[in-house]
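Have a look at final27.cif; it's mmCIF, C-alpha atoms and all ligand atoms:
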data_run
loop_
_atom_site.label_atom_id
_atom_site.label_comp_id
_atom_site.auth_asym_id
_atom_site.auth_seq_id
_atom_site.Cartn_x
_atom_site.Cartn_y
_atom_site.Cartn_z
CA MET P 1 102.29 123.52 75.75
CA PRO P 2 102.23 120.86 78.49
CA ALA P 3 101.76 117.26 77.36
CA VAL P 4 98.29 115.81 77.95
CA PRO P 5 98.55 113.30 80.79
CA ILE P 6 97.68 109.71 79.99
CA LEU P 7 96.10 107.73 82.81
CA LYS P 8 95.98 103.96 83.12
CA THR P 9 93.50 102.16 85.34
CA GLU P 10 91.32 99.12 85.56
CA ALA P 11 87.65 99.69 84.89
CA LEU P 12 84.23 98.16 84.48
CA VAL P 13 82.15 99.39 81.56
CA LEU P 14 78.82 100.63 82.93
CA ARG P 15 77.15 101.89 79.78
CA ALA P 16 77.92 102.95 76.23
CA ILE P 17 75.91 105.72 74.59
CA GLU P 18 75.93 106.56 70.87
CA PHE P 19 77.52 109.97 70.58
CA SER P 20 78.08 110.52 66.89
CA GLU P 21 78.08 108.41 63.76
CA THR P 22 81.45 106.99 64.70
CA SER P 23 81.88 107.59 68.43
CA LEU P 24 80.56 106.32 71.74
CA VAL P 25 80.48 107.98 75.11
CA VAL P 26 81.29 105.32 77.66
CA TRP P 27 80.72 105.40 81.40
CA LEU P 28 83.48 103.60 83.22
CA PHE P 29 83.69 102.71 86.88
CA THR P 30 87.43 102.86 87.36
CA ARG P 31 89.43 101.49 90.24
CA ASP P 32 91.58 104.59 90.67
CA HIS P 33 89.46 107.54 89.56
CA GLY P 34 85.87 106.65 90.40
CA ARG P 35 83.39 107.10 87.58
CA VAL P 36 84.93 108.41 84.37
CA HIS P 37 83.14 109.36 81.16
CA VAL P 38 85.27 108.84 78.07
CA ILE P 39 84.69 109.40 74.41
CA ALA P 40 85.77 106.44 72.30
CA LYS P 41 86.42 107.87 68.86
CA GLY P 42 85.86 105.48 66.00
CA ALA P 43 84.24 102.91 68.29
CA ARG P 44 81.20 102.61 66.02
CA ARG P 45 83.26 102.01 62.89
CA ALA P 46 83.66 98.55 61.46
CA ARG P 47 86.93 97.01 62.66
CA SER P 48 87.24 99.51 65.48
CA PRO P 49 90.20 99.02 67.83
CA PHE P 50 87.65 98.98 70.67
CA GLU P 51 85.57 96.19 69.17
CA GLY P 52 83.88 94.11 71.85
CA ALA P 53 85.70 95.91 74.65
CA LEU P 54 83.08 98.55 75.34
CA GLU P 55 80.14 96.27 76.01
CA PRO P 56 78.52 96.83 79.40
CA LEU P 57 80.18 94.92 82.26
CA VAL P 58 83.43 94.19 80.46
CA ARG P 59 86.36 94.46 82.84
CA ALA P 60 89.32 96.06 81.14
CA GLU P 61 92.58 97.89 81.44
CA VAL P 62 91.96 101.39 80.16
CA LEU P 63 94.29 104.11 78.93
CA PHE P 64 92.76 107.52 78.55
CA TYR P 65 93.85 111.09 78.00
CA ARG P 66 93.09 113.45 80.81
CA LYS P 67 90.63 116.12 79.70
CA ALA P 68 91.89 119.67 79.36
CA ARG P 69 88.80 121.39 80.77
CA ALA P 70 86.48 120.39 83.58
CA GLU P 71 83.42 120.14 81.35
CA ALA P 72 85.14 118.13 78.61
CA LEU P 73 85.13 114.35 78.25
CA GLU P 74 88.18 112.20 78.72
CA THR P 75 89.35 110.47 75.56
CA ALA P 76 89.83 106.71 75.51
CA LYS P 77 93.14 105.66 73.96
CA GLU P 78 93.18 101.90 74.55
CA VAL P 79 90.78 99.45 76.15
CA ASP P 80 92.27 96.04 76.77
CA PRO P 81 89.71 93.51 78.07
CA ILE P 82 90.63 91.49 81.15
CA ASP P 83 87.30 89.68 81.45
CA LEU P 84 84.40 89.93 79.00
CA HIS P 85 82.07 88.19 81.49
CA LEU P 86 80.48 86.32 78.60
CA GLY P 87 78.67 84.05 81.07
CA LEU P 88 76.34 86.94 81.87
CA ARG P 89 74.78 86.42 78.45
CA THR P 90 74.12 82.72 78.94
CA ALA P 91 71.19 82.96 81.38
CA LEU P 92 68.60 85.62 82.07
CA PRO P 93 69.11 85.62 85.88
CA ARG P 94 72.81 86.32 85.32
CA MET P 95 72.12 89.06 82.80
CA VAL P 96 69.49 90.82 84.93
CA ARG P 97 71.72 90.83 88.01
CA GLY P 98 74.72 92.04 86.04
CA ALA P 99 72.68 94.87 84.55
CA TYR P 100 71.29 95.71 88.00
CA LEU P 101 74.82 95.93 89.36
CA ALA P 102 75.85 98.27 86.52
CA GLU P 103 72.85 100.47 87.32
CA LEU P 104 73.74 100.45 91.02
CA LEU P 105 77.39 101.34 90.35
CA ALA P 106 76.41 104.15 87.97
CA ALA P 107 74.07 105.54 90.62
CA PHE P 108 76.38 105.35 93.63
CA SER P 109 79.80 106.06 92.08
CA GLU P 110 81.07 109.59 91.77
CA PRO P 111 83.39 111.19 89.24
CA GLU P 112 86.94 111.55 90.51
CA VAL P 113 86.20 109.79 93.80
CA PRO P 114 88.35 106.65 93.89
CA ALA P 115 86.64 103.67 95.49
CA PRO P 116 89.07 100.76 95.09
CA GLU P 117 87.33 98.59 97.69
CA THR P 118 83.98 99.02 95.99
CA TYR P 119 85.64 98.31 92.66
CA ASP P 120 87.21 95.09 93.93
CA ALA P 121 83.88 93.96 95.42
CA ALA P 122 82.11 94.68 92.13
CA ALA P 123 84.73 92.87 90.04
CA ALA P 124 84.53 89.82 92.32
CA ALA P 125 80.73 89.87 92.22
CA LEU P 126 80.68 90.09 88.42
CA ALA P 127 82.92 87.05 88.12
CA LEU P 128 80.46 85.13 90.31
CA LEU P 129 77.44 86.47 88.42
CA ALA P 130 79.03 85.35 85.14
CA ARG P 131 80.41 81.96 86.20
CA GLY P 132 79.29 81.02 89.70
CA PRO P 133 76.45 78.63 90.48
CA LEU P 134 72.98 80.04 89.85
CA SER P 135 72.08 79.31 93.46
CA GLY P 136 74.72 81.81 94.62
CA LEU P 137 73.81 84.76 92.37
CA ASP P 138 71.66 86.61 94.87
CA LEU P 139 74.16 86.16 97.66
CA ALA P 140 76.90 87.62 95.43
CA LEU P 141 74.68 90.52 94.40
CA ALA P 142 73.44 91.41 97.89
CA ARG P 143 76.97 91.24 99.35
CA CYS P 144 78.22 93.52 96.62
CA GLU P 145 75.29 95.86 97.13
CA LEU P 146 76.20 96.24 100.81
CA ALA P 147 79.80 96.93 99.76
CA VAL P 148 78.63 99.60 97.29
CA LEU P 149 76.46 101.23 99.97
CA GLY P 150 79.31 101.05 102.47
CA GLY P 151 81.70 102.61 99.96
CA ALA P 152 79.24 105.47 99.51
CA GLY P 153 79.15 106.00 103.28
CA LEU P 154 75.65 104.54 103.50
CA ALA P 155 76.18 101.14 105.14
CA PRO P 156 72.87 100.38 106.90
CA VAL P 157 73.02 99.95 110.68
CA LEU P 158 71.31 96.62 111.37
CA ASP P 159 72.74 95.16 114.58
CA ARG P 160 71.47 97.95 116.84
CA CYS P 161 69.03 100.83 116.79
CA ALA P 162 70.35 103.48 114.42
CA ARG P 163 69.03 106.17 116.83
CA CYS P 164 69.69 105.06 120.39
CA ARG P 165 72.33 102.38 119.65
CA GLY P 166 70.44 100.02 121.93
CA PRO P 167 69.19 96.55 120.91
CA VAL P 168 66.84 96.55 117.91
CA PHE P 169 64.58 93.92 119.45
CA GLY P 170 63.80 93.97 123.14
CA GLU P 171 63.36 90.88 125.27
CA GLY P 172 60.40 88.91 123.92
CA VAL P 173 59.68 91.62 121.30
CA ASP P 174 59.91 90.54 117.67
CA ARG P 175 58.88 93.80 116.07
CA ALA P 176 60.96 96.85 115.19
CA TRP P 177 61.32 99.39 112.38
CA PHE P 178 63.44 99.71 109.29
CA SER P 179 64.10 103.30 108.31
CA PRO P 180 66.30 104.07 105.29
CA GLY P 181 66.28 107.75 106.27
CA ALA P 182 67.49 107.03 109.80
CA GLY P 183 70.14 104.69 108.36
CA GLY P 184 68.83 101.23 109.16
CA ALA P 185 66.99 99.42 111.92
CA LEU P 186 65.22 101.24 114.72
CA CYS P 187 63.96 99.85 118.01
CA LEU P 188 60.23 99.93 118.65
CA ALA P 189 60.51 103.17 120.63
CA HIS P 190 62.32 105.14 117.91
CA GLY P 191 60.50 104.41 114.68
CA ASP P 192 57.84 107.09 114.69
CA GLY P 193 57.37 109.60 111.96
CA GLU P 194 60.41 109.05 109.73
CA ARG P 195 59.48 109.05 106.04
CA GLY P 196 59.82 105.61 104.47
CA THR P 197 59.88 103.80 107.82
CA ALA P 198 58.29 100.36 107.73
CA ALA P 199 57.70 97.68 110.33
CA VAL P 200 60.15 94.78 110.32
CA THR P 201 60.09 91.52 112.23
CA ARG P 202 63.03 89.70 113.76
CA ASP P 203 62.79 87.05 111.02
CA GLY P 204 62.51 89.75 108.35
CA LEU P 205 65.69 91.50 109.44
CA ARG P 206 67.76 88.39 110.18
CA PRO P 207 68.96 87.47 106.63
CA LEU P 208 70.21 90.99 105.80
CA LEU P 209 71.81 91.31 109.22
CA ALA P 210 73.60 87.98 108.68
CA LEU P 211 74.85 89.20 105.28
CA ALA P 212 76.10 92.45 106.76
CA LEU P 213 78.01 90.42 109.37
CA GLY P 214 79.65 88.40 106.58
CA ARG P 215 77.76 85.17 107.25
CA GLU P 216 76.48 82.69 104.68
CA VAL P 217 72.79 83.10 103.90
CA ASP P 218 70.70 80.89 101.64
CA LEU P 219 68.89 83.33 99.38
CA THR P 220 67.43 80.61 97.16
CA ALA P 221 64.63 80.32 99.72
CA ALA P 222 61.92 82.78 98.70
CA PRO P 223 61.24 84.21 102.20
CA ALA P 224 64.93 85.06 102.79
CA PHE P 225 65.24 86.41 99.25
CA ARG P 226 62.19 88.65 99.66
CA ALA P 227 63.29 89.81 103.10
CA VAL P 228 66.72 90.88 101.82
CA ARG P 229 65.52 92.37 98.54
CA GLY P 230 62.64 94.23 100.18
CA LEU P 231 64.94 96.00 102.64
CA LEU P 232 67.73 96.67 100.12
CA ASP P 233 65.34 97.96 97.46
CA ALA P 234 63.66 100.32 99.94
CA TYR P 235 67.04 101.50 101.21
CA VAL P 236 68.49 102.11 97.74
CA ALA P 237 65.32 103.81 96.48
CA PHE P 238 65.25 106.17 99.47
CA HIS P 239 68.86 107.26 99.10
CA LEU P 240 68.63 107.71 95.33
CA GLY P 241 65.21 109.34 95.45
CA ARG P 242 63.99 106.68 92.99
CA PRO P 243 63.97 102.91 92.68
CA LEU P 244 66.50 101.34 90.33
CA GLY P 245 64.78 100.30 87.11
CA LEU P 246 65.87 96.68 87.29
CA ALA P 247 64.98 96.15 90.96
CA ARG P 248 61.57 94.77 90.05
CA ARG P 249 63.13 92.31 87.59
CA LEU P 250 64.95 90.47 90.37
CA GLU P 251 63.18 87.21 91.17
CA PRO P 252 64.43 84.31 93.28
CA VAL P 253 66.48 81.81 91.30
CA GLY P 254 65.29 78.88 93.41
CA PRO P 255 67.23 76.09 95.07
CA PRO P 256 69.76 74.06 93.05
CA ALA P 257 68.16 71.22 91.10
CA ARG P 258 68.15 68.03 93.14
CA ALA P 259 68.77 64.59 91.72
CA ARG P 260 65.36 63.35 90.63
CA GLY P 261 63.71 60.66 92.70
CA PRO P 262 63.03 57.16 91.37
CA GLY P 263 63.35 57.17 87.60
CA PRO P 264 65.54 55.94 84.77
CA ARG P 265 69.20 56.26 85.63
CA GLY P 266 72.32 55.32 83.68
CA GLY P 267 72.01 51.60 84.30
CA ALA P 268 68.32 51.50 83.39
CA ARG P 269 68.94 53.34 80.13
CA GLN P 270 71.66 50.93 79.17
CA ARG P 271 69.31 48.01 79.72
CA THR P 272 66.57 49.48 77.54
CA LYS P 273 69.06 49.95 74.70
CA ARG P 274 69.64 46.24 74.35
ZN ZN Q 1 66.20 103.08 119.66
#
Starting from the file, give its structure as structure tokens.
Ligand SMILES: [Zn+2]
Amino acid sequence: MPAVPILKTEALVLRAIEFSETSLVVWLFTRDHGRVHVIAKGARRARSPFEGALEPLVRAEVLFYRKARAEALETAKEVDPIDLHLGLRTALPRMVRGAYLAELLAAFSEPEVPAPETYDAAAAALALLARGPLSGLDLALARCELAVLGGAGLAPVLDRCARCRGPVFGEGVDRAWFSPGAGGALCLAHGDGERGTAAVTRDGLRPLLALALGREVDLTAAPAFRAVRGLLDAYVAFHLGRPLGLARRLEPVGPPARARGPGPRGGARQRTKR
């Protein structure tokens, strides 16, 4: 009888589902094998060898046995955490965005289809969501979302008309269309009739276009946040046939707290102590 192959890869835990009294079925987004569903035997026992390692959004090195039959589950052998991303649990905006990313990765990853670039983008984004400044969370998430869409072959066309490849906005014209079904922006002449097509202004398209071109965008400003989220949410919902559950939980974080105006500062406090 041939030996069962053992595979080793890095992975992000997407979700863990109770399978039996002692076992979990865990969805992993792996760097080398795309999405993999493993059974973690004994994971629900006290003092399990997997303890703490199978929480959603943990990044880990995973060893698993290759399944014998196509319909079977892989079996987890070892899960060695690289990053628990504990910061995600310290603030609701971090947690919601992390959970949204897990939902997005589960939806757009495919079993046995390696997507190392998407994996690397997701791992980098999770580190920022867990530990980066709050003011940068939405930038990290939207960048990663574009990477996930690109990895799935669905990168939206934003810098030209997705139909005629001409300019999206004509001279002196600030209106165009955004059509998830057509694959992105459409010039005024080409937006008719496509399901899900909505009008978009030059200002409305600009922040997402800047992101797609790799530029810095301040998404703490509510108009830019809403412009980016509105287009991404519509795009994702169209291609999945449903909106992601957590999309409506995403709210702008707001600009970083500024130093307060005139008020008691260090020196003043010291004086009042005396
Ligand atoms: Zn056109």
Next on the checklist: Using only C-alpha atoms, which protein or nucleic acid residues come within 7 Å of region 181-193 of chain P? Drop anything in the same chain fewer than 5 positions from it, and give the result as a list of chain:residue names.
Outcome noted: P:Pro156, P:Val157, P:Leu158, P:Arg160, P:Cys161, P:Ala162, P:Arg163, P:Pro167, P:Val168, P:Phe169, P:Arg175, P:Ala176
I'd like the box whose edges run along x, y and z of the file and which contains every listed atom of region 132-146 of chain P, padded by 5 Å per side; could you state its centre and edge lengths in Å, one decimal, as lines of an AutoDock Vina configuration file?
center_x = 75.5
center_y = 87.4
center_z = 95.3
size_x = 17.6
size_y = 27.6
size_z = 21.1
Next on the checklist: My list of candidates is P:Pro5, P:Asp83, P:Leu209, P:Glu10. Which is closest to Gly52 (chain P) when distances are computed with all atoms listed in the file?
Outcome noted: P:Asp83
Next on the checklist: I need the residue nearest Ala140 (chain P) from this list: P:Gly98, P:Pro243, P:Pro114, P:Pro207. Use only C-alpha atoms for the distance.
Outcome noted: P:Gly98
Checklist entry - Residues at most 12 Å from Thr75 (chain P), counting only C-alpha atoms, excluding those fewer than 3 positions away in the same chain, as number ranges by chain? => result P: 4-8, 23-28, 36-43, 62-68, 72, 78-79
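With all atoms listed in the file as the basis for measurement, P:Cys164 is the residue among P:Val58, P:Cys164, P:Leu232, P:Ala99 that approaches ligand ZN 1 (chain Q) most closely.
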Checklist entry - Which value, in Å to one decimal, gives the distance between CA of Asp80 (chain P) and CA of Arg59 (chain P)? => result 8.6 Å
Checklist entry - Between CA of Leu137 (chain P) and CA of Glu110 (chain P), what is the distance, to one decimal in Å? => result 25.9 Å
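Among the candidates P:Pro111, P:Arg131, P:Pro116, P:Gly166, the residue lying nearest to ligand ZN 1 (chain Q) is P:Gly166 (atoms considered: all atoms listed in the file).
Using only C-alpha atoms and all ligand atoms, the shortest contact distance between ligand ZN 1 (chain Q) and any of P:Leu12, P:Leu240, P:Asp159, P:His33 is found at P:Asp159.
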Item to check | Pick from P:Arg44, P:Arg249, P:Arg143, P:Arg165, whichever lies nearest to Ala122 (chain P) using all atoms listed in the file | outcome: P:Arg143
Tell me which protein, DNA and RNA residues are within 9 Å of Glu55 (chain P), counting all atoms listed in the file, leaving out same-chain ones fewer than 3 positions away, and put them as a PDB file with C-alpha atoms, in the frame of the given file.
ATOM      1  CA  VAL P  13      82.150  99.390  81.560  1.00  0.00           C
ATOM      2  CA  LEU P  14      78.820 100.630  82.930  1.00  0.00           C
ATOM      3  CA  ARG P  15      77.150 101.890  79.780  1.00  0.00           C
ATOM      4  CA  ALA P  16      77.920 102.950  76.230  1.00  0.00           C
ATOM      5  CA  GLU P  51      85.570  96.190  69.170  1.00  0.00           C
ATOM      6  CA  GLY P  52      83.880  94.110  71.850  1.00  0.00           C
ATOM      7  CA  VAL P  58      83.430  94.190  80.460  1.00  0.00           C
ATOM      8  CA  LEU P  84      84.400  89.930  79.000  1.00  0.00           C
TER       9      LEU P  84
END
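Here CA of Ala46 (chain P) stands at a distance of 22.7 Å from CA of Arg89 (chain P).
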Next on the checklist: So that I can see what lies close to Gly254 (chain P), please list as a ChimeraX atom specification the residues with an atom at most 7 Å from it, counting all atoms listed in the file and leaving out residues fewer than 3 positions away in the same chain.
Outcome noted: /P:135,220-221
